file input-v7.pdb (PDB, C-alpha atoms and all ligand atoms)
MODEL        1
ATOM      1  CA  MET A 972     113.073  89.813 117.467  1.00  0.00           C
ATOM      2  CA  PRO A 973     112.314  93.409 116.485  1.00  0.00           C
ATOM      3  CA  THR A 974     109.952  93.918 113.621  1.00  0.00           C
ATOM      4  CA  ARG A 975     109.072  96.726 111.250  1.00  0.00           C
ATOM      5  CA  THR A 976     105.373  96.078 111.949  1.00  0.00           C
ATOM      6  CA  PHE A 977     104.216  97.288 115.352  1.00  0.00           C
ATOM      7  CA  GLY A 978     101.600  99.360 117.116  1.00  0.00           C
ATOM      8  CA  VAL A 979     101.897 102.499 119.169  1.00  0.00           C
ATOM      9  CA  ARG A 980      99.485 104.057 121.651  1.00  0.00           C
ATOM     10  CA  TYR A 981      98.891 107.795 121.709  1.00  0.00           C
ATOM     11  CA  SER A 982      98.673 109.461 125.087  1.00  0.00           C
ATOM     12  CA  ASP A 983      95.808 111.857 125.720  1.00  0.00           C
ATOM     13  CA  VAL A 984      97.255 114.991 124.121  1.00  0.00           C
ATOM     14  CA  SER A 985      95.907 117.686 121.797  1.00  0.00           C
ATOM     15  CA  SER A 986      94.510 116.802 118.386  1.00  0.00           C
ATOM     16  CA  THR A 987      97.307 118.870 116.822  1.00  0.00           C
ATOM     17  CA  TRP A 988      99.968 116.782 118.500  1.00  0.00           C
ATOM     18  CA  LYS A 989      98.117 113.587 117.549  1.00  0.00           C
ATOM     19  CA  SER A 990      98.081 114.735 113.922  1.00  0.00           C
ATOM     20  CA  TYR A 991     101.861 115.214 114.155  1.00  0.00           C
ATOM     21  CA  PHE A 992     102.226 111.684 115.535  1.00  0.00           C
ATOM     22  CA  ASP A 993     100.122 110.515 112.558  1.00  0.00           C
ATOM     23  CA  ALA A 994     102.540 112.280 110.213  1.00  0.00           C
ATOM     24  CA  GLY A 995     105.486 110.543 111.841  1.00  0.00           C
ATOM     25  CA  ARG A 996     103.903 107.121 111.327  1.00  0.00           C
ATOM     26  CA  SER A 997     102.733 107.931 107.819  1.00  0.00           C
ATOM     27  CA  ARG A 998     106.167 109.027 106.629  1.00  0.00           C
ATOM     28  CA  TRP A 999     107.504 105.575 107.432  1.00  0.00           C
ATOM     29  CA  ASN A1000     104.415 103.621 106.369  1.00  0.00           C
ATOM     30  CA  SER A1001     104.406 105.290 102.950  1.00  0.00           C
ATOM     31  CA  ALA A1002     108.163 104.917 102.396  1.00  0.00           C
ATOM     32  CA  GLY A1003     107.752 101.712 100.385  1.00  0.00           C
ATOM     33  CA  ILE A1004     109.969  99.600 102.648  1.00  0.00           C
ATOM     34  CA  GLY A1005     107.391  97.372 104.345  1.00  0.00           C
ATOM     35  CA  VAL A1006     107.025  99.444 107.494  1.00  0.00           C
ATOM     36  CA  ASP A1007     103.614  99.355 109.179  1.00  0.00           C
ATOM     37  CA  ILE A1008     103.360 101.391 112.365  1.00  0.00           C
ATOM     38  CA  SER A1009      99.727 101.274 113.435  1.00  0.00           C
ATOM     39  CA  LYS A1010      97.856 103.334 115.981  1.00  0.00           C
ATOM     40  CA  ASN A1011      96.769 100.893 118.683  1.00  0.00           C
ATOM     41  CA  PRO A1012      95.274 101.953 122.031  1.00  0.00           C
ATOM     42  CA  ASP A1013      95.883  98.479 123.503  1.00  0.00           C
ATOM     43  CA  THR A1014      99.638  98.202 122.984  1.00  0.00           C
ATOM     44  CA  SER A1015     102.422  98.920 125.474  1.00  0.00           C
ATOM     45  CA  SER A1016     104.496 101.165 123.228  1.00  0.00           C
ATOM     46  CA  LYS A1017     103.525 104.779 123.599  1.00  0.00           C
ATOM     47  CA  ILE A1018     104.164 108.235 122.146  1.00  0.00           C
ATOM     48  CA  THR A1019     103.447 111.397 124.062  1.00  0.00           C
ATOM     49  CA  ALA A1020     104.373 115.075 124.097  1.00  0.00           C
ATOM     50  CA  GLY A1021     104.651 117.779 126.690  1.00  0.00           C
ATOM     51  CA  GLU A1022     106.617 120.719 127.998  1.00  0.00           C
ATOM     52  CA  TYR A1023     109.635 118.947 129.463  1.00  0.00           C
ATOM     53  CA  SER A1024     112.502 120.691 131.263  1.00  0.00           C
ATOM     54  CA  GLY A1025     115.288 118.794 129.447  1.00  0.00           C
ATOM     55  CA  SER A1026     117.212 120.305 126.546  1.00  0.00           C
ATOM     56  CA  TRP A1027     116.265 117.444 124.205  1.00  0.00           C
ATOM     57  CA  LEU A1028     113.688 117.683 121.401  1.00  0.00           C
ATOM     58  CA  GLY A1029     112.664 114.042 121.448  1.00  0.00           C
ATOM     59  CA  LEU A1030     113.483 110.961 123.513  1.00  0.00           C
ATOM     60  CA  TYR A1031     113.197 107.273 122.659  1.00  0.00           C
ATOM     61  CA  ALA A1032     113.266 104.829 125.580  1.00  0.00           C
ATOM     62  CA  PRO A1033     113.012 101.104 124.741  1.00  0.00           C
ATOM     63  CA  TRP A1034     112.724  98.109 127.009  1.00  0.00           C
ATOM     64  CA  GLU A1035     111.890  94.442 126.709  1.00  0.00           C
ATOM     65  CA  THR A1036     108.815  92.760 128.124  1.00  0.00           C
ATOM     66  CA  SER A1037     109.091  89.471 130.024  1.00  0.00           C
ATOM     67  CA  THR A1038     108.362  87.685 126.754  1.00  0.00           C
ATOM     68  CA  GLY A1039     111.232  89.416 124.969  1.00  0.00           C
ATOM     69  CA  LYS A1040     109.063  91.805 123.004  1.00  0.00           C
ATOM     70  CA  ARG A1041     110.593  95.236 122.453  1.00  0.00           C
ATOM     71  CA  VAL A1042     108.389  98.140 123.461  1.00  0.00           C
ATOM     72  CA  PHE A1043     109.146 101.831 123.862  1.00  0.00           C
ATOM     73  CA  THR A1044     108.082 105.228 125.068  1.00  0.00           C
ATOM     74  CA  ILE A1045     108.673 108.243 122.818  1.00  0.00           C
ATOM     75  CA  ARG A1046     108.481 111.748 124.267  1.00  0.00           C
ATOM     76  CA  ILE A1047     108.357 114.892 122.121  1.00  0.00           C
ATOM     77  CA  ASN A1048     109.384 118.133 123.829  1.00  0.00           C
ATOM     78  CA  SER A1049     107.067 120.905 122.677  1.00  0.00           C
ATOM     79  CA  ARG A1050     108.972 123.455 124.777  1.00  0.00           C
ATOM     80  CA  THR A1051     112.373 123.044 123.112  1.00  0.00           C
ATOM     81  CA  ILE A1052     110.844 122.645 119.654  1.00  0.00           C
ATOM     82  CA  ALA A1053     108.975 125.935 120.089  1.00  0.00           C
ATOM     83  CA  ALA A1054     112.162 127.595 121.346  1.00  0.00           C
ATOM     84  CA  HIS A1055     114.443 126.431 118.514  1.00  0.00           C
ATOM     85  CA  SER A1056     112.274 125.998 115.432  1.00  0.00           C
ATOM     86  CA  GLY A1057     112.090 129.662 114.460  1.00  0.00           C
ATOM     87  CA  GLY A1058     108.429 129.535 113.511  1.00  0.00           C
ATOM     88  CA  ASN A1059     108.612 126.075 111.901  1.00  0.00           C
ATOM     89  CA  TYR A1060     107.104 124.390 114.949  1.00  0.00           C
ATOM     90  CA  GLY A1061     104.955 121.867 113.105  1.00  0.00           C
ATOM     91  CA  THR A1062     107.736 120.963 110.679  1.00  0.00           C
ATOM     92  CA  TRP A1063     110.170 120.358 113.505  1.00  0.00           C
ATOM     93  CA  PHE A1064     107.645 118.478 115.633  1.00  0.00           C
ATOM     94  CA  MET A1065     106.679 116.099 112.814  1.00  0.00           C
ATOM     95  CA  GLY A1066     110.317 115.620 111.848  1.00  0.00           C
ATOM     96  CA  THR A1067     111.193 114.825 115.453  1.00  0.00           C
ATOM     97  CA  ALA A1068     108.360 112.294 115.717  1.00  0.00           C
ATOM     98  CA  THR A1069     109.536 110.670 112.483  1.00  0.00           C
ATOM     99  CA  HIS A1070     113.131 110.574 113.811  1.00  0.00           C
ATOM    100  CA  GLU A1071     112.006 108.886 117.041  1.00  0.00           C
ATOM    101  CA  PHE A1072     110.029 106.272 115.104  1.00  0.00           C
ATOM    102  CA  GLY A1073     113.292 105.671 113.252  1.00  0.00           C
ATOM    103  CA  HIS A1074     114.758 104.541 116.572  1.00  0.00           C
ATOM    104  CA  ALA A1075     111.807 102.174 116.987  1.00  0.00           C
ATOM    105  CA  LEU A1076     112.897 100.748 113.610  1.00  0.00           C
ATOM    106  CA  SER A1077     116.384 100.065 115.026  1.00  0.00           C
ATOM    107  CA  LEU A1078     118.118 103.104 113.501  1.00  0.00           C
ATOM    108  CA  ASP A1079     120.774 104.738 115.665  1.00  0.00           C
ATOM    109  CA  ASP A1080     121.642 108.399 116.078  1.00  0.00           C
ATOM    110  CA  ASP A1081     124.417 109.847 113.943  1.00  0.00           C
ATOM    111  CA  PRO A1082     125.017 107.009 111.469  1.00  0.00           C
ATOM    112  CA  ARG A1083     128.535 106.813 110.024  1.00  0.00           C
ATOM    113  CA  THR A1084     127.667 108.147 106.623  1.00  0.00           C
ATOM    114  CA  THR A1085     128.028 111.456 104.844  1.00  0.00           C
ATOM    115  CA  ARG A1086     124.747 110.812 103.032  1.00  0.00           C
ATOM    116  CA  PRO A1087     121.672 112.696 104.270  1.00  0.00           C
ATOM    117  CA  SER A1088     119.892 110.940 107.111  1.00  0.00           C
ATOM    118  CA  LEU A1089     116.967 111.755 109.331  1.00  0.00           C
ATOM    119  CA  MET A1090     119.063 110.295 112.148  1.00  0.00           C
ATOM    120  CA  HIS A1091     121.935 112.819 111.952  1.00  0.00           C
ATOM    121  CA  HIS A1092     121.910 115.250 114.863  1.00  0.00           C
ATOM    122  CA  SER A1093     123.364 117.895 112.529  1.00  0.00           C
ATOM    123  CA  ARG A1094     120.565 117.543 109.955  1.00  0.00           C
ATOM    124  CA  ASP A1095     118.642 120.612 108.799  1.00  0.00           C
ATOM    125  CA  ARG A1096     115.426 120.160 110.775  1.00  0.00           C
ATOM    126  CA  ASN A1097     113.540 122.407 108.359  1.00  0.00           C
ATOM    127  CA  THR A1098     114.175 120.172 105.362  1.00  0.00           C
ATOM    128  CA  VAL A1099     115.336 116.692 106.457  1.00  0.00           C
ATOM    129  CA  VAL A1100     112.035 115.678 108.011  1.00  0.00           C
ATOM    130  CA  ARG A1101     111.279 112.267 106.518  1.00  0.00           C
ATOM    131  CA  PRO A1102     113.232 109.053 105.865  1.00  0.00           C
ATOM    132  CA  THR A1103     116.007 109.596 103.322  1.00  0.00           C
ATOM    133  CA  ALA A1104     117.191 107.056 100.746  1.00  0.00           C
ATOM    134  CA  TYR A1105     119.948 106.067 103.193  1.00  0.00           C
ATOM    135  CA  ASP A1106     117.469 105.560 106.042  1.00  0.00           C
ATOM    136  CA  LYS A1107     115.230 103.372 103.867  1.00  0.00           C
ATOM    137  CA  GLU A1108     118.192 101.259 102.772  1.00  0.00           C
ATOM    138  CA  GLU A1109     119.176 100.807 106.406  1.00  0.00           C
ATOM    139  CA  VAL A1110     115.720  99.590 107.406  1.00  0.00           C
ATOM    140  CA  LEU A1111     115.727  97.126 104.501  1.00  0.00           C
ATOM    141  CA  ARG A1112     119.223  95.959 105.486  1.00  0.00           C
ATOM    142  CA  ILE A1113     118.233  95.405 109.129  1.00  0.00           C
ATOM    143  CA  TYR A1114     114.962  93.624 108.391  1.00  0.00           C
TER     144      TYR A1114
HETATM  145 ZN    ZN A1201     117.684 110.232 118.195  1.00  0.00          ZN
ENDMDL
END
call {"tool": "encode", "arguments": {"input": "input-v7.pdb", "output": "structure tokens"}}
result
Amino acid sequence: MPTRTFGVRYSDVSSTWKSYFDAGRSRWNSAGIGVDISKNPDTSSKITAGEYSGSWLGLYAPWETSTGKRVFTIRINSRTIAAHSGGNYGTWFMGTATHEFGHALSLDDDPRTTRPSLMHHSRDRNTVVRPTAYDKEEVLRIY
């Protein structure tokens, strides 16, 4: 059973990237919808960043443990974010981390709504960088 309370381990990356991961967690934790994503070095779920060759900005890869617990790896692609963000690197990076944590909260890409959503691929990545009203309602609906 997925839950909106879970831990995530940070890989050994720069303090700047770690602060962006913190922002991604904080934007959900402070959304007032009962989400608690903690930083936990002893958990299986992990977030990392690097210069990956793929065209993607962020990747969310979930799997289930033998006990049925859902865990995940999130990867943030510094290379593509730097290439596409037009000087708004930090904004895009934090928004991408927040988007990927949205997947960990069971939100899918490109929801069937015309309302603003952090999960739309077509979102403005300079401004839609935290959970929207729609995203919060979805988390409350799911959990
Ligand atoms: Zn996505």
call {"tool": "residues_near_ligand", "arguments": {"input": "input-v7.pdb", "ligand": "ligand ZN 1201 (chain A)", "cutoff": "12 Å", "atoms": "all atoms listed in the file", "output": "VMD selection string"}}
result
chain A and resid 1027 to 1032 1045 to 1047 1066 to 1082 1088 to 1094
call {"tool": "resolve_selection", "arguments": {"input": "input-v7.pdb", "expression": "the PyMOL selection byres (((chain A and resi 1024) around 12) and not hetatm)", "output": "PyMOL selection string"}}
result
chain A and resi 1021-1023+1025-1029+1047-1052
call {"tool": "write_last_selection", "arguments": {"input": "input-v7.pdb", "atoms": "C-alpha atoms", "output": "short mmCIF file (atom, residue, chain, number, x, y, z; two decimals), in the frame of the given file"}}
result
data_model
loop_
_atom_site.label_atom_id
_atom_site.label_comp_id
_atom_site.auth_asym_id
_atom_site.auth_seq_id
_atom_site.Cartn_x
_atom_site.Cartn_y
_atom_site.Cartn_z
CA GLY A 1021 104.65 117.78 126.69
CA GLU A 1022 106.62 120.72 128.00
CA TYR A 1023 109.64 118.95 129.46
CA GLY A 1025 115.29 118.79 129.45
CA SER A 1026 117.21 120.30 126.55
CA TRP A 1027 116.26 117.44 124.20
CA LEU A 1028 113.69 117.68 121.40
CA GLY A 1029 112.66 114.04 121.45
CA ILE A 1047 108.36 114.89 122.12
CA ASN A 1048 109.38 118.13 123.83
CA SER A 1049 107.07 120.90 122.68
CA ARG A 1050 108.97 123.46 124.78
CA THR A 1051 112.37 123.04 123.11
CA ILE A 1052 110.84 122.64 119.65
#
call {"tool": "resolve_selection", "arguments": {"input": "input-v7.pdb", "expression": "the PyMOL selection byres (((chain A and resi 993) around 10) and not hetatm)", "output": "list in words"}}
result
Tyr981, Thr987, Trp988, Lys989, Ser990, Tyr991, Phe992, Ala994, Gly995, Arg996, Ser997, Arg998, Ile1008, Ser1009, Lys1010, Met1065, Ala1068 and Thr1069 of chain A
call {"tool": "resolve_selection", "arguments": {"input": "input-v7.pdb", "expression": "the PyMOL selection byres (((chain A and resi 1097) around 10) and not hetatm)", "output": "list in words"}}
result
Ser1056, Gly1057, Asn1059, Tyr1060, Gly1061, Thr1062, Trp1063, Gly1066, Arg1094, Asp1095, Arg1096, Thr1098, Val1099 and Val1100 of chain A
call {"tool": "closest_residue", "arguments": {"input": "input-v7.pdb", "among": "A:Asn1000, A:Ser985, A:Gly1005, A:Ala1053", "to": "Leu1111 (chain A)", "atoms": "only C-alpha atoms"}}
result
A:Gly1005
call {"tool": "closest_residue", "arguments": {"input": "input-v7.pdb", "among": "A:Thr1103, A:Thr974, A:Ser1037, A:Ser986", "to": "Pro1087 (chain A)", "atoms": "only C-alpha atoms"}}
result
A:Thr1103
call {"tool": "closest_residue", "arguments": {"input": "input-v7.pdb", "among": "A:Ala1104, A:Val979, A:Val984, A:Ala1002", "to": "Thr1044 (chain A)", "atoms": "only C-alpha atoms"}}
result
A:Val979
call {"tool": "atom_distance", "arguments": {"input": "input-v7.pdb", "atom1": "CA of Ser1015 (chain A)", "atom2": "CA of Val1042 (chain A)"}}
result
6.3 Å
